[in-house]
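J.: Provided herewith: input-v4.txt, compact mmCIF, C-alpha atoms and all ligand atoms.
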```txt
# COMPACT_ATOMS: atom_id res chain seq x y z
CA VAL A 1 123.53 100.52 87.92
CA SER A 2 120.40 101.57 86.09
CA THR A 3 119.74 99.95 82.75
CA LEU A 4 116.99 102.52 82.13
CA THR A 5 117.58 106.02 80.84
CA SER A 6 115.61 108.98 82.09
CA LEU A 7 113.44 108.94 78.97
CA GLN A 8 112.84 105.20 79.24
CA ILE A 9 111.75 105.50 82.85
CA ARG A 10 109.31 108.25 81.88
CA ASP A 11 107.98 106.04 79.15
CA GLU A 12 107.47 103.24 81.67
CA PHE A 13 104.89 105.47 83.37
CA PRO A 14 102.08 106.57 81.04
CA ILE A 15 100.97 109.16 83.61
CA THR A 16 103.91 111.33 82.50
CA GLN A 17 102.08 111.85 79.21
CA ALA A 18 98.82 112.73 80.89
CA CYS A 19 99.82 115.26 83.54
CA THR A 20 102.52 116.58 85.86
CA TYR A 21 102.09 114.12 88.67
CA LEU A 22 103.84 115.08 91.91
CA ASP A 23 101.66 113.23 94.41
CA SER A 24 103.11 109.72 94.81
CA ALA A 25 102.92 110.11 98.60
CA TYR A 26 99.18 109.92 98.12
CA TRP A 27 98.72 107.44 95.29
CA GLY A 28 101.39 105.99 93.02
CA PRO A 29 100.51 105.56 89.32
CA TYR A 30 100.90 102.08 87.85
CA PRO A 31 103.77 101.56 85.42
CA ARG A 32 102.79 100.59 81.88
CA ARG A 33 104.17 97.07 82.35
CA SER A 34 102.03 96.55 85.48
CA ALA A 35 98.89 97.74 83.72
CA GLU A 36 99.63 95.33 80.87
CA ALA A 37 100.46 92.39 83.15
CA ILE A 38 97.32 92.97 85.21
CA SER A 39 95.14 93.20 82.10
CA ASP A 40 96.71 90.03 80.78
CA TYR A 41 96.12 88.23 84.07
CA VAL A 42 92.50 89.38 84.21
CA ARG A 43 91.96 88.23 80.64
CA LYS A 44 93.53 84.82 81.32
CA ARG A 45 91.59 84.49 84.54
CA SER A 46 88.39 84.80 82.55
CA THR A 47 89.38 82.70 79.57
CA THR A 48 91.70 79.91 80.71
CA ALA A 49 91.51 77.25 83.40
CA PHE A 50 94.60 78.42 85.27
CA PRO A 51 96.39 81.71 84.46
CA PHE A 52 99.69 80.38 85.88
CA GLY A 53 99.40 77.00 84.19
CA ARG A 54 98.44 74.95 87.23
CA ALA A 55 95.93 75.38 90.01
CA ASP A 56 98.35 75.99 92.85
CA GLN A 57 100.89 78.07 90.95
CA ASP A 58 99.61 81.32 92.41
CA ARG A 59 101.37 80.36 95.67
CA VAL A 60 104.63 79.78 93.82
CA PHE A 61 104.17 83.14 92.12
CA ALA A 62 103.54 84.84 95.50
CA GLY A 63 106.81 83.27 96.69
CA GLU A 64 108.69 84.76 93.75
CA VAL A 65 107.35 88.24 94.50
CA ARG A 66 108.21 87.72 98.18
CA SER A 67 111.82 87.03 97.24
CA LYS A 68 112.00 90.16 95.09
CA ILE A 69 110.61 92.35 97.88
CA ALA A 70 112.99 90.74 100.38
CA GLY A 71 115.84 91.52 97.98
CA LEU A 72 114.83 95.19 97.73
CA LEU A 73 114.79 95.45 101.53
CA GLY A 74 117.93 93.38 102.06
CA VAL A 75 116.20 90.79 104.25
CA ALA A 76 115.31 87.09 103.97
CA PRO A 77 112.14 86.01 102.12
CA GLU A 78 111.05 84.21 105.33
CA GLU A 79 110.78 87.65 106.95
CA ILE A 80 108.31 89.04 104.42
CA TRP A 81 104.57 88.64 104.22
CA PHE A 82 101.82 90.30 102.23
CA PRO A 83 99.20 91.96 104.42
CA ARG A 84 96.31 94.04 103.09
CA GLY A 85 98.20 97.21 103.89
CA THR A 86 100.21 99.16 106.43
CA THR A 87 97.52 99.23 109.08
CA ASP A 88 96.65 95.57 108.79
CA ALA A 89 100.23 94.52 109.49
CA LEU A 90 100.90 97.05 112.26
CA GLY A 91 97.73 96.16 114.14
CA THR A 92 98.18 92.41 113.72
CA VAL A 93 101.72 92.40 115.09
CA ALA A 94 101.09 94.95 117.85
CA ALA A 95 98.08 93.00 119.11
CA ALA A 96 100.03 89.73 119.08
CA LEU A 97 103.09 91.09 120.90
CA LEU A 98 101.51 93.38 123.48
CA ALA A 99 99.39 92.44 126.48
CA PRO A 100 97.11 94.49 128.72
CA GLY A 101 99.24 96.66 131.02
CA ASP A 102 102.08 96.92 128.50
CA GLU A 103 102.94 100.37 127.27
CA ILE A 104 103.69 101.53 123.75
CA LEU A 105 105.16 104.94 122.87
CA VAL A 106 103.85 106.36 119.61
CA GLY A 107 104.70 109.31 117.38
CA GLY A 108 103.04 112.69 117.93
CA LEU A 109 102.82 113.63 114.24
CA ASP A 110 101.73 110.39 112.67
CA HIS A 111 98.91 109.56 110.31
CA PRO A 112 95.25 109.06 111.24
CA ALA A 113 95.72 105.42 110.18
CA ASP A 114 98.32 105.00 112.93
CA TYR A 115 96.12 106.80 115.42
CA ALA A 116 93.35 104.30 114.70
CA VAL A 117 95.67 101.32 115.25
CA TRP A 118 97.06 102.70 118.50
CA ALA A 119 93.65 103.74 119.80
CA ASN A 120 92.42 100.23 119.11
CA LEU A 121 95.25 98.89 121.31
CA ALA A 122 94.06 101.23 124.07
CA GLU A 123 90.66 99.53 123.85
CA ARG A 124 92.43 96.28 124.73
CA GLY A 125 94.03 97.60 127.89
CA ILE A 126 97.39 98.44 126.36
CA ARG A 127 98.68 101.83 127.52
CA VAL A 128 99.38 104.07 124.57
CA LYS A 129 101.47 107.19 125.19
CA VAL A 130 101.79 109.78 122.46
CA VAL A 131 105.21 111.43 122.57
CA PRO A 132 104.97 115.05 121.33
CA GLN A 133 106.70 116.20 118.16
CA ARG A 134 108.74 119.37 118.06
CA GLY A 135 108.71 121.62 115.03
CA GLY A 136 107.46 118.85 112.80
CA ARG A 137 109.82 116.13 113.86
CA MET A 138 110.01 113.36 116.39
CA ASN A 139 113.24 113.44 118.35
CA PRO A 140 114.55 110.00 119.30
CA GLU A 141 115.77 111.50 122.62
CA ASP A 142 112.19 112.48 123.50
CA LEU A 143 111.09 108.91 122.86
CA GLU A 144 113.94 107.60 124.97
CA ARG A 145 113.11 109.94 127.86
CA ALA A 146 109.49 108.76 127.84
CA ILE A 147 110.43 105.09 128.39
CA THR A 148 109.18 103.62 131.67
CA ALA A 149 109.46 100.19 133.26
CA LYS A 150 106.22 99.24 131.51
CA THR A 151 107.29 100.30 128.02
CA ARG A 152 107.48 97.38 125.62
CA ALA A 153 107.31 99.01 122.22
CA ILE A 154 107.73 102.07 120.05
CA GLY A 155 105.36 102.59 117.12
CA ILE A 156 106.20 105.37 114.70
CA CYS A 157 106.28 106.48 111.06
CA LEU A 158 109.69 106.04 109.48
CA VAL A 159 108.93 108.95 107.16
CA ASN A 160 106.54 111.65 108.25
CA THR A 161 103.50 111.86 106.04
CA TYR A 162 103.10 115.67 106.27
CA ASN A 163 106.61 117.05 105.87
CA GLY A 164 108.67 114.00 104.86
CA TYR A 165 111.03 114.03 107.84
CA ARG A 166 112.90 110.75 107.77
CA GLN A 167 113.74 109.20 111.12
CA SER A 168 117.21 107.90 111.76
CA LEU A 169 116.88 104.14 111.67
CA ASP A 170 120.15 103.90 113.59
CA ALA A 171 118.90 106.10 116.44
CA LEU A 172 115.59 104.26 116.76
CA SER A 173 117.35 100.93 116.46
CA ARG A 174 119.81 101.81 119.22
CA ILE A 175 116.99 102.81 121.59
CA ALA A 176 115.02 99.66 120.82
CA GLY A 177 118.11 97.52 121.37
CA GLU A 178 119.26 99.16 124.60
CA HIS A 179 115.82 99.17 126.20
CA GLU A 180 114.72 95.82 124.74
CA LEU A 181 111.69 97.28 123.01
CA TYR A 182 109.75 96.16 119.98
CA LEU A 183 110.17 98.66 117.17
CA LEU A 184 107.10 98.86 114.91
CA LEU A 185 107.47 101.07 111.85
CA ASP A 186 104.86 102.49 109.52
CA ALA A 187 107.03 102.71 106.43
CA ILE A 188 104.44 103.44 103.74
CA GLN A 189 106.05 106.81 103.01
CA GLY A 190 109.47 105.21 102.59
CA ILE A 191 109.28 101.77 100.98
CA GLY A 192 109.40 102.09 97.20
CA HIS A 193 111.60 105.17 97.04
CA LEU A 194 114.13 105.02 99.91
CA ARG A 195 116.92 102.60 100.54
CA ILE A 196 116.02 101.15 103.90
CA ASP A 197 118.73 98.99 105.33
CA LEU A 198 117.33 96.57 107.86
CA HIS A 199 120.51 94.56 107.98
CA LYS A 200 121.56 94.34 111.64
CA SER A 201 118.82 96.75 112.72
CA ASN A 202 116.58 96.20 115.72
CA VAL A 203 113.42 96.81 113.73
CA THR A 204 110.79 94.32 114.87
CA MET A 205 108.39 94.89 112.03
CA MET A 206 107.74 97.33 109.26
CA SER A 207 104.89 97.64 106.80
CA ALA A 208 103.67 99.59 103.80
CA GLY A 209 100.64 99.58 101.56
CA SER A 210 101.61 99.05 97.93
CA TYR A 211 99.49 101.86 96.44
CA LYS A 212 101.81 104.79 97.15
CA TRP A 213 105.52 104.66 96.37
CA LEU A 214 105.28 101.03 95.21
CA CYS A 215 102.89 102.17 92.46
CA SER A 216 100.84 99.00 92.71
CA PRO A 217 97.22 98.05 93.28
CA GLU A 218 95.26 98.57 96.45
CA GLY A 219 94.32 95.78 98.84
CA LEU A 220 97.94 94.70 99.19
CA GLY A 221 100.89 95.67 101.32
CA VAL A 222 104.38 94.45 102.07
CA ALA A 223 105.52 93.71 105.58
CA TYR A 224 108.71 92.65 107.27
CA ILE A 225 109.09 90.89 110.59
CA ASN A 226 112.42 90.15 112.21
CA ARG A 227 113.13 86.42 112.18
CA ASP A 228 113.99 86.48 115.91
CA VAL A 229 110.46 87.60 116.72
CA ILE A 230 108.41 85.49 114.34
CA GLY A 231 108.13 82.64 116.85
CA ASN A 232 106.44 84.97 119.39
CA VAL A 233 103.78 86.17 117.02
CA VAL A 234 100.87 83.80 117.25
CA PRO A 235 98.33 85.49 115.02
CA HIS A 236 94.73 86.05 116.08
CA ASN A 237 93.61 84.88 112.71
CA VAL A 238 95.20 82.39 110.36
CA HIS A 239 94.90 81.24 106.81
CA PHE A 240 95.06 77.56 105.99
CA TYR A 241 97.90 78.14 103.51
CA GLY A 242 99.94 79.82 106.24
CA ILE A 243 100.15 76.91 108.65
CA GLU A 244 101.99 73.64 108.39
CA PRO A 245 103.33 74.25 104.89
CA GLU A 246 106.29 72.03 105.70
CA SER A 247 104.28 69.07 106.94
CA GLY A 248 101.81 68.56 104.19
CA GLY A 249 100.05 71.92 104.40
CA TRP A 250 96.33 72.30 104.47
CA ALA A 251 95.82 68.89 102.88
CA SER A 252 96.83 67.35 106.22
CA PHE A 253 93.70 68.91 107.74
CA ILE A 254 91.39 66.85 105.54
CA PRO A 255 91.76 63.57 107.47
CA ARG A 256 91.35 65.47 110.75
CA ILE A 257 88.18 67.12 109.61
CA LEU A 258 86.82 63.83 108.33
CA GLU A 259 87.67 62.20 111.65
CA TYR A 260 86.14 64.94 113.78
CA GLY A 261 83.15 65.11 111.51
CA THR A 262 82.37 61.43 111.46
CA SER A 263 78.75 60.94 112.39
CA GLY A 264 78.14 58.65 115.28
CA LEU A 265 80.99 60.01 117.38
CA GLY A 266 78.95 63.00 118.51
CA PRO A 267 80.34 66.58 118.67
CA GLN A 268 84.13 66.51 118.75
CA GLU A 269 86.27 69.16 120.35
CA ILE A 270 89.36 70.46 118.60
CA PRO A 271 92.10 70.45 121.24
CA SER A 272 94.47 73.40 121.45
CA GLY A 273 97.94 72.98 120.05
CA THR A 274 96.96 71.21 116.86
CA LEU A 275 98.33 73.89 114.58
CA ASN A 276 101.92 73.95 113.50
CA TYR A 277 103.02 77.50 112.68
CA PRO A 278 106.00 77.77 110.37
CA ALA A 279 109.03 79.76 111.46
CA SER A 280 108.40 82.30 108.75
CA ALA A 281 106.30 85.41 108.24
CA ILE A 282 103.87 83.45 106.08
CA ARG A 283 102.07 82.51 109.30
CA LEU A 284 100.72 86.06 109.23
CA GLU A 285 99.57 86.02 105.62
CA ILE A 286 95.90 85.84 104.82
CA SER A 287 94.78 85.56 101.19
CA PRO A 288 96.91 88.21 99.51
CA SER A 289 95.39 89.69 96.38
CA ILE A 290 97.01 87.81 93.51
CA VAL A 291 95.95 90.36 90.90
CA SER A 292 97.61 93.08 93.00
CA LEU A 293 100.74 90.92 93.32
CA VAL A 294 100.87 90.73 89.52
CA GLY A 295 101.28 94.50 89.54
CA LEU A 296 103.74 94.58 92.44
CA ASN A 297 105.87 91.96 90.71
CA GLN A 298 106.33 94.27 87.73
CA MET A 299 107.17 97.26 89.92
CA ALA A 300 109.76 95.20 91.82
CA ASP A 301 111.43 94.37 88.49
CA LEU A 302 111.33 97.99 87.47
CA LEU A 303 112.96 99.15 90.71
CA ASN A 304 115.70 96.56 90.17
CA GLU A 305 116.22 97.58 86.56
CA PHE A 306 116.55 101.15 87.76
CA GLY A 307 119.56 99.96 89.74
CA GLY A 308 117.90 99.01 93.02
CA MET A 309 116.79 101.15 95.94
CA GLY A 310 120.06 103.08 96.18
CA SER A 311 119.61 104.46 92.65
CA VAL A 312 115.90 105.07 93.16
CA GLU A 313 116.58 107.01 96.35
CA ALA A 314 119.32 109.04 94.69
CA ARG A 315 117.01 110.15 91.88
CA VAL A 316 114.09 111.03 94.15
CA ILE A 317 116.27 112.90 96.65
CA SER A 318 117.97 114.82 93.86
CA LEU A 319 114.51 115.96 92.69
CA SER A 320 113.65 116.96 96.28
CA MET A 321 116.86 118.98 96.42
CA TYR A 322 116.21 120.56 93.06
CA LEU A 323 112.75 121.59 94.27
CA ARG A 324 114.34 123.24 97.32
CA SER A 325 116.83 125.21 95.28
CA VAL A 326 114.45 126.39 92.53
CA ALA A 327 111.59 127.21 94.89
CA GLN A 328 113.87 129.15 97.25
CA GLU A 329 115.49 130.97 94.34
CA HIS A 330 112.01 132.27 93.53
CA GLY A 331 111.33 133.32 97.09
CA HIS A 332 109.20 130.38 98.24
CA SER A 333 109.77 128.83 101.66
CA ILE A 334 110.48 125.16 102.17
CA LEU A 335 109.07 123.77 105.41
CA SER A 336 110.82 120.38 105.22
CA THR A 337 114.34 119.71 106.40
CA SER A 338 117.28 120.04 104.03
CA ASP A 339 119.45 117.74 106.08
CA PRO A 340 120.27 114.93 103.62
CA GLU A 341 120.11 112.33 106.38
CA HIS A 342 116.51 113.22 107.15
CA MET A 343 115.18 114.05 103.70
CA SER A 344 112.77 111.91 101.71
CA GLY A 345 110.68 112.27 98.56
CA ILE A 346 108.16 114.40 100.44
CA THR A 347 108.72 118.16 100.52
CA SER A 348 106.41 120.67 102.12
CA VAL A 349 106.24 124.13 100.54
CA LEU A 350 104.71 127.12 102.29
CA VAL A 351 101.87 128.54 100.19
CA PRO A 352 99.47 131.17 101.51
CA SER A 353 95.94 129.91 100.70
CA ALA A 354 97.19 126.40 99.95
CA PRO A 355 93.77 124.90 99.06
CA GLY A 356 93.38 127.56 96.38
CA PHE A 357 96.82 126.75 95.01
CA ALA A 358 96.06 123.02 94.81
CA GLU A 359 93.04 123.90 92.64
CA PHE A 360 95.05 126.42 90.61
CA ALA A 361 97.73 123.79 89.95
CA LYS A 362 95.14 121.18 89.03
CA ARG A 363 93.76 123.49 86.35
CA ARG A 364 97.27 123.39 84.85
CA ASN A 365 97.27 119.63 85.12
CA ILE A 366 99.80 119.65 87.96
CA HIS A 367 99.00 117.39 90.90
CA ILE A 368 100.26 118.12 94.40
CA ARG A 369 98.40 117.95 97.70
CA GLU A 370 97.44 120.51 100.29
CA ARG A 371 98.71 119.24 103.62
CA PRO A 372 99.91 120.96 106.78
CA ALA A 373 103.66 120.64 107.40
CA THR A 374 103.30 120.80 111.18
CA PRO A 375 100.41 121.57 113.57
CA ILE A 376 101.35 125.26 113.20
CA ALA A 377 102.46 125.45 109.57
CA THR A 378 99.12 124.59 108.04
CA ASP A 379 99.30 126.68 104.88
CA ALA A 380 101.39 124.31 102.83
CA VAL A 381 101.40 121.87 99.97
CA ARG A 382 103.07 118.49 99.87
CA VAL A 383 105.11 117.69 96.78
CA SER A 384 106.20 114.12 96.22
CA PRO A 385 108.09 113.31 93.00
CA HIS A 386 108.97 109.73 92.10
CA ILE A 387 111.49 108.19 89.65
CA PHE A 388 109.30 109.01 86.63
CA ASN A 389 109.47 112.76 87.37
CA ASP A 390 112.22 115.04 86.17
CA LYS A 391 113.38 118.61 86.61
CA SER A 392 110.90 119.94 84.04
CA ASP A 393 108.04 118.81 86.32
CA ILE A 394 109.53 120.75 89.21
CA ASP A 395 110.07 123.80 86.99
CA MET A 396 106.43 123.70 85.99
CA LEU A 397 105.33 123.53 89.60
CA VAL A 398 107.52 126.47 90.61
CA GLU A 399 106.18 128.49 87.68
CA ALA A 400 102.67 127.79 88.93
CA LEU A 401 103.70 128.86 92.44
CA ASN A 402 105.06 132.12 91.01
CA ASP A 403 101.93 132.81 88.97
CA TYR A 404 99.64 132.00 91.86
CA ARG A 405 101.56 134.38 94.09
CA SER A 406 101.40 137.17 91.47
CA SER A 407 97.67 136.71 91.05
CA HIS A 408 97.17 136.91 94.82
CA ILE A 409 99.08 140.06 95.65
C1 LIG A 501 101.74 107.39 106.94
C2 LIG A 501 100.57 106.53 106.56
N1 LIG A 501 100.28 105.43 107.26
C3 LIG A 501 99.25 104.63 106.95
C4 LIG A 501 98.42 104.91 105.89
C5 LIG A 501 97.31 103.96 105.58
O1 LIG A 501 97.90 102.82 105.05
P1 LIG A 501 97.11 101.51 104.62
O2 LIG A 501 95.93 101.94 103.81
O3 LIG A 501 98.11 100.74 103.82
O4 LIG A 501 96.72 100.80 105.86
C6 LIG A 501 98.68 106.04 105.11
C7 LIG A 501 97.79 106.37 103.98
O5 LIG A 501 97.65 107.47 103.54
C8 LIG A 501 99.78 106.87 105.45
O6 LIG A 501 100.09 107.95 104.71
```
What is this structure when it is put down as structure tokens?
T.:
Amino acid sequence: VSTLTSLQIRDEFPITQACTYLDSAYWGPYPRRSAEAISDYVRKRSTTAFPFGRADQDRVFAGEVRSKIAGLLGVAPEEIWFPRGTTDALGTVAAALLAPGDEILVGGLDHPADYAVWANLAERGIRVKVVPQRGGRMNPEDLERAITAKTRAIGICLVNTYNGYRQSLDALSRIAGEHELYLLLDAIQGIGHLRIDLHKSNVTMMSAGSYKWLCSPEGLGVAYINRDVIGNVVPHNVHFYGIEPESGGWASFIPRILEYGTSGLGPQEIPSGTLNYPASAIRLEISPSIVSLVGLNQMADLLNEFGGMGSVEARVISLSMYLRSVAQEHGHSILSTSDPEHMSGITSVLVPSAPGFAEFAKRRNIHIRERPATPIATDAVRVSPHIFNDKSDIDMLVEALNDYRSSHI
């Protein structure tokens, strides 16, 4: 249950005083408390010996944020790591799990970021097959039909970036389970506003940058990896904090280095098998941005105070529904689904001359984004309200849509 009223949540986000911001699918504004915590950290970092009190406390702090993120996703902290972003995590895990000759099926209406990751796999001899979308959505049955004896994985966006179509986690999970496939999800358009229940799912990994719906700084993401798979993911790159934390950590490398580096012995070879990877996702973590984690930590608290992801989702979806009803009442067409099971915080609205409307709206201090809804429906804008928005923001947008239409007839 939320301990924050609607007015309090608006006050938590200073952007609500500056403009009508309906573009969290692009860039999420920082809450006031994050901005303050980050400023405070930056100030301490420049004026005190150790902002967290002791030199190594940043690791402890990262662990606390890890637990909060795990809590929001309903998974164990050992299954969470902090990559640089969505792409970083997807590419790292895909490259570690797939070998030349393996096949991965990917979504036909995904983001350029995904395309880059999958195309990079193709460079390594992995066969990447793009399964076509239909009418702006990926049908799980089409993915299932495309499976061959060589298929090892499915890589897809959980929420479509253009029109907000939300995949059924159950359907994807069933296919992955029945065909023994890795399921790799780009969840940047879902984490932070949807309740994503990974409990008992067959999701292999899932990642999201923190700068959209998580309203936190850039250079940081959150990623989940199923505990049953962690042991198979030997990363191509490691960080010294992420190996052997149970047996002395990086400090245990010092005597080895001193031994290998002793002059008189001549060049020494490091044998393979000297690294002890922990059975947790931290083996994949490389120098997360602490200053960004300071922001994410505050947002995680805020989401919890709002009542957790169930309450957050309910508010965002109710705004998406309100947008549908008011826009349609005024004769505007909605290009996104209205099926509650497949809705998200992203709604695509048909607007003739969409780029002109985005400019028109900006002059009224309303921020939305021109984006196609599907490869055919290109005249559209993407509207993405978050918890700090309310019905008055949607009303203002629809008024702008009406006025733009009148001025263009
Ligand atoms: C669906 C989707 N995936 C991936 C990305 C890129 O994510 P990151 O910068 O965290 O790698 C974006 C960014 O716009 C996106 O919308």
J.: Taking all atoms of ligand LIG 501 (chain A) that the file lists and extending 6 Å past them on each side, where is the centre of the axis-aligned box and how long are its edges? Answer in Å to one decimal, as AutoDock Vina command-line options.
T.:
```
--center_x 98.8 --center_y 104.3 --center_z 105.4 --size_x 17.8 --size_y 19.2 --size_z 15.7
```
J.: Counting all atoms listed in the file, which residues come within 6 Å of (103.4, 100.6, 85.3), with the point read in the file's coordinates, and could you list them as a PDB file with C-alpha atoms, in the coordinates of the input?
T.:
```pdb
ATOM      1  CA  PHE A  13     104.890 105.470  83.370  1.00  0.00           C
ATOM      2  CA  TYR A  30     100.900 102.080  87.850  1.00  0.00           C
ATOM      3  CA  PRO A  31     103.770 101.560  85.420  1.00  0.00           C
ATOM      4  CA  ARG A  32     102.790 100.590  81.880  1.00  0.00           C
ATOM      5  CA  ARG A  33     104.170  97.070  82.350  1.00  0.00           C
ATOM      6  CA  SER A  34     102.030  96.550  85.480  1.00  0.00           C
ATOM      7  CA  ALA A  35      98.890  97.740  83.720  1.00  0.00           C
TER       8      ALA A  35
END
```
J.: Residues contacting ligand LIG 501 (chain A) - anything with an atom at most 9 Å away, using all atoms listed in the file - can you give me those as a VMD selection string?
T.: chain A and resid 25 to 27 83 to 90 110 to 114 157 to 162 186 to 189 207 to 212 218 to 221
J.: Would you mind exporting C-alpha atoms of the selected residues as a PDB file, in the frame of the given file?
T.:
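part.pdb, written as the output of this step:
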```
ATOM      1  CA  ALA A  25     102.920 110.110  98.600  1.00  0.00           C
ATOM      2  CA  TYR A  26      99.180 109.920  98.120  1.00  0.00           C
ATOM      3  CA  TRP A  27      98.720 107.440  95.290  1.00  0.00           C
ATOM      4  CA  PRO A  83      99.200  91.960 104.420  1.00  0.00           C
ATOM      5  CA  ARG A  84      96.310  94.040 103.090  1.00  0.00           C
ATOM      6  CA  GLY A  85      98.200  97.210 103.890  1.00  0.00           C
ATOM      7  CA  THR A  86     100.210  99.160 106.430  1.00  0.00           C
ATOM      8  CA  THR A  87      97.520  99.230 109.080  1.00  0.00           C
ATOM      9  CA  ASP A  88      96.650  95.570 108.790  1.00  0.00           C
ATOM     10  CA  ALA A  89     100.230  94.520 109.490  1.00  0.00           C
ATOM     11  CA  LEU A  90     100.900  97.050 112.260  1.00  0.00           C
ATOM     12  CA  ASP A 110     101.730 110.390 112.670  1.00  0.00           C
ATOM     13  CA  HIS A 111      98.910 109.560 110.310  1.00  0.00           C
ATOM     14  CA  PRO A 112      95.250 109.060 111.240  1.00  0.00           C
ATOM     15  CA  ALA A 113      95.720 105.420 110.180  1.00  0.00           C
ATOM     16  CA  ASP A 114      98.320 105.000 112.930  1.00  0.00           C
ATOM     17  CA  CYS A 157     106.280 106.480 111.060  1.00  0.00           C
ATOM     18  CA  LEU A 158     109.690 106.040 109.480  1.00  0.00           C
ATOM     19  CA  VAL A 159     108.930 108.950 107.160  1.00  0.00           C
ATOM     20  CA  ASN A 160     106.540 111.650 108.250  1.00  0.00           C
ATOM     21  CA  THR A 161     103.500 111.860 106.040  1.00  0.00           C
ATOM     22  CA  TYR A 162     103.100 115.670 106.270  1.00  0.00           C
ATOM     23  CA  ASP A 186     104.860 102.490 109.520  1.00  0.00           C
ATOM     24  CA  ALA A 187     107.030 102.710 106.430  1.00  0.00           C
ATOM     25  CA  ILE A 188     104.440 103.440 103.740  1.00  0.00           C
ATOM     26  CA  GLN A 189     106.050 106.810 103.010  1.00  0.00           C
ATOM     27  CA  SER A 207     104.890  97.640 106.800  1.00  0.00           C
ATOM     28  CA  ALA A 208     103.670  99.590 103.800  1.00  0.00           C
ATOM     29  CA  GLY A 209     100.640  99.580 101.560  1.00  0.00           C
ATOM     30  CA  SER A 210     101.610  99.050  97.930  1.00  0.00           C
ATOM     31  CA  TYR A 211      99.490 101.860  96.440  1.00  0.00           C
ATOM     32  CA  LYS A 212     101.810 104.790  97.150  1.00  0.00           C
ATOM     33  CA  GLU A 218      95.260  98.570  96.450  1.00  0.00           C
ATOM     34  CA  GLY A 219      94.320  95.780  98.840  1.00  0.00           C
ATOM     35  CA  LEU A 220      97.940  94.700  99.190  1.00  0.00           C
ATOM     36  CA  GLY A 221     100.890  95.670 101.320  1.00  0.00           C
TER      37      GLY A 221
END
```
J.: Mind checking which residues fall within 10 Å of range 16-22 of chain A, counting all atoms listed in the file, ignoring those fewer than 2 positions away in the same chain, and posting them as a PyMOL selection string?
T.: chain A and resi 9-14+24-29+345-346+361-362+364-369+382-386+388-390+392-394+396-397
J.: For a quick check of your reading of the model, name the residues lying within 7 Å of the coordinate (122.6, 98.3, 85.1), counting only C-alpha atoms, and write them as a PyMOL selection string.
T.: chain A and resi 1-3+305+307
J.: Within 12 Å of His239 in chain A, counting all atoms listed in the file, which residues qualify if same-chain residues fewer than 4 places away don't, as a list in words?
T.: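 Here the qualifying residues turn out to be Pro83, Pro235, Ile243, Glu244, Pro245, Gly249, Trp250, Leu275, Tyr277, Ile282, Arg283, Leu284, Glu285, Ile286, Ser287 and Pro288 of chain A.
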J.: CA of Glu78 in chain A and CA of Asn297 in chain A are how many Å apart?
T.: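 Here the two named atoms are 17.3 Å from each other.
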J.: Of the candidates A:Ile38, A:Ile387, A:Leu350, A:Ala223, which shows the shortest atom-to-atom distance to Thr374 in chain A, using all atoms listed in the file?
T.: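 Of A:Ile38, A:Ile387, A:Leu350, A:Ala223, the one nearest Thr374 in chain A, counting all atoms listed in the file, is A:Leu350.
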J.: Which is closest to Ile80 in chain A among A:Ser46, A:Asn202, A:Ser333, A:Ser280, if we use only C-alpha atoms?
T.: A:Ser280
J.: Using Å and a single decimal, report how far CA of Leu143 in chain A sits from CA of Val128 in chain A.
T.: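 Atom-to-atom, CA of Val128 in chain A and CA of Leu143 in chain A are spaced 12.8 Å apart.
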J.: Find the distance between CA of Ile126 in chain A and CA of Leu98 in chain A and write it in Å to one decimal.
T.: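 Atom-to-atom, CA of Ile126 in chain A to CA of Leu98 in chain A, that is 7.1 Å.
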J.: When distances are computed from only C-alpha atoms, which of A:Arg54, A:Arg66, A:Arg152, A:Arg195 shows the smallest separation from Val294 in chain A?
T.: A:Arg66
J.: Under the rule that all atoms listed in the file are counted, which of A:Pro77, A:Gly164, A:Arg363, A:Leu172 is the nearest residue to Val349 in chain A?
T.: A:Gly164
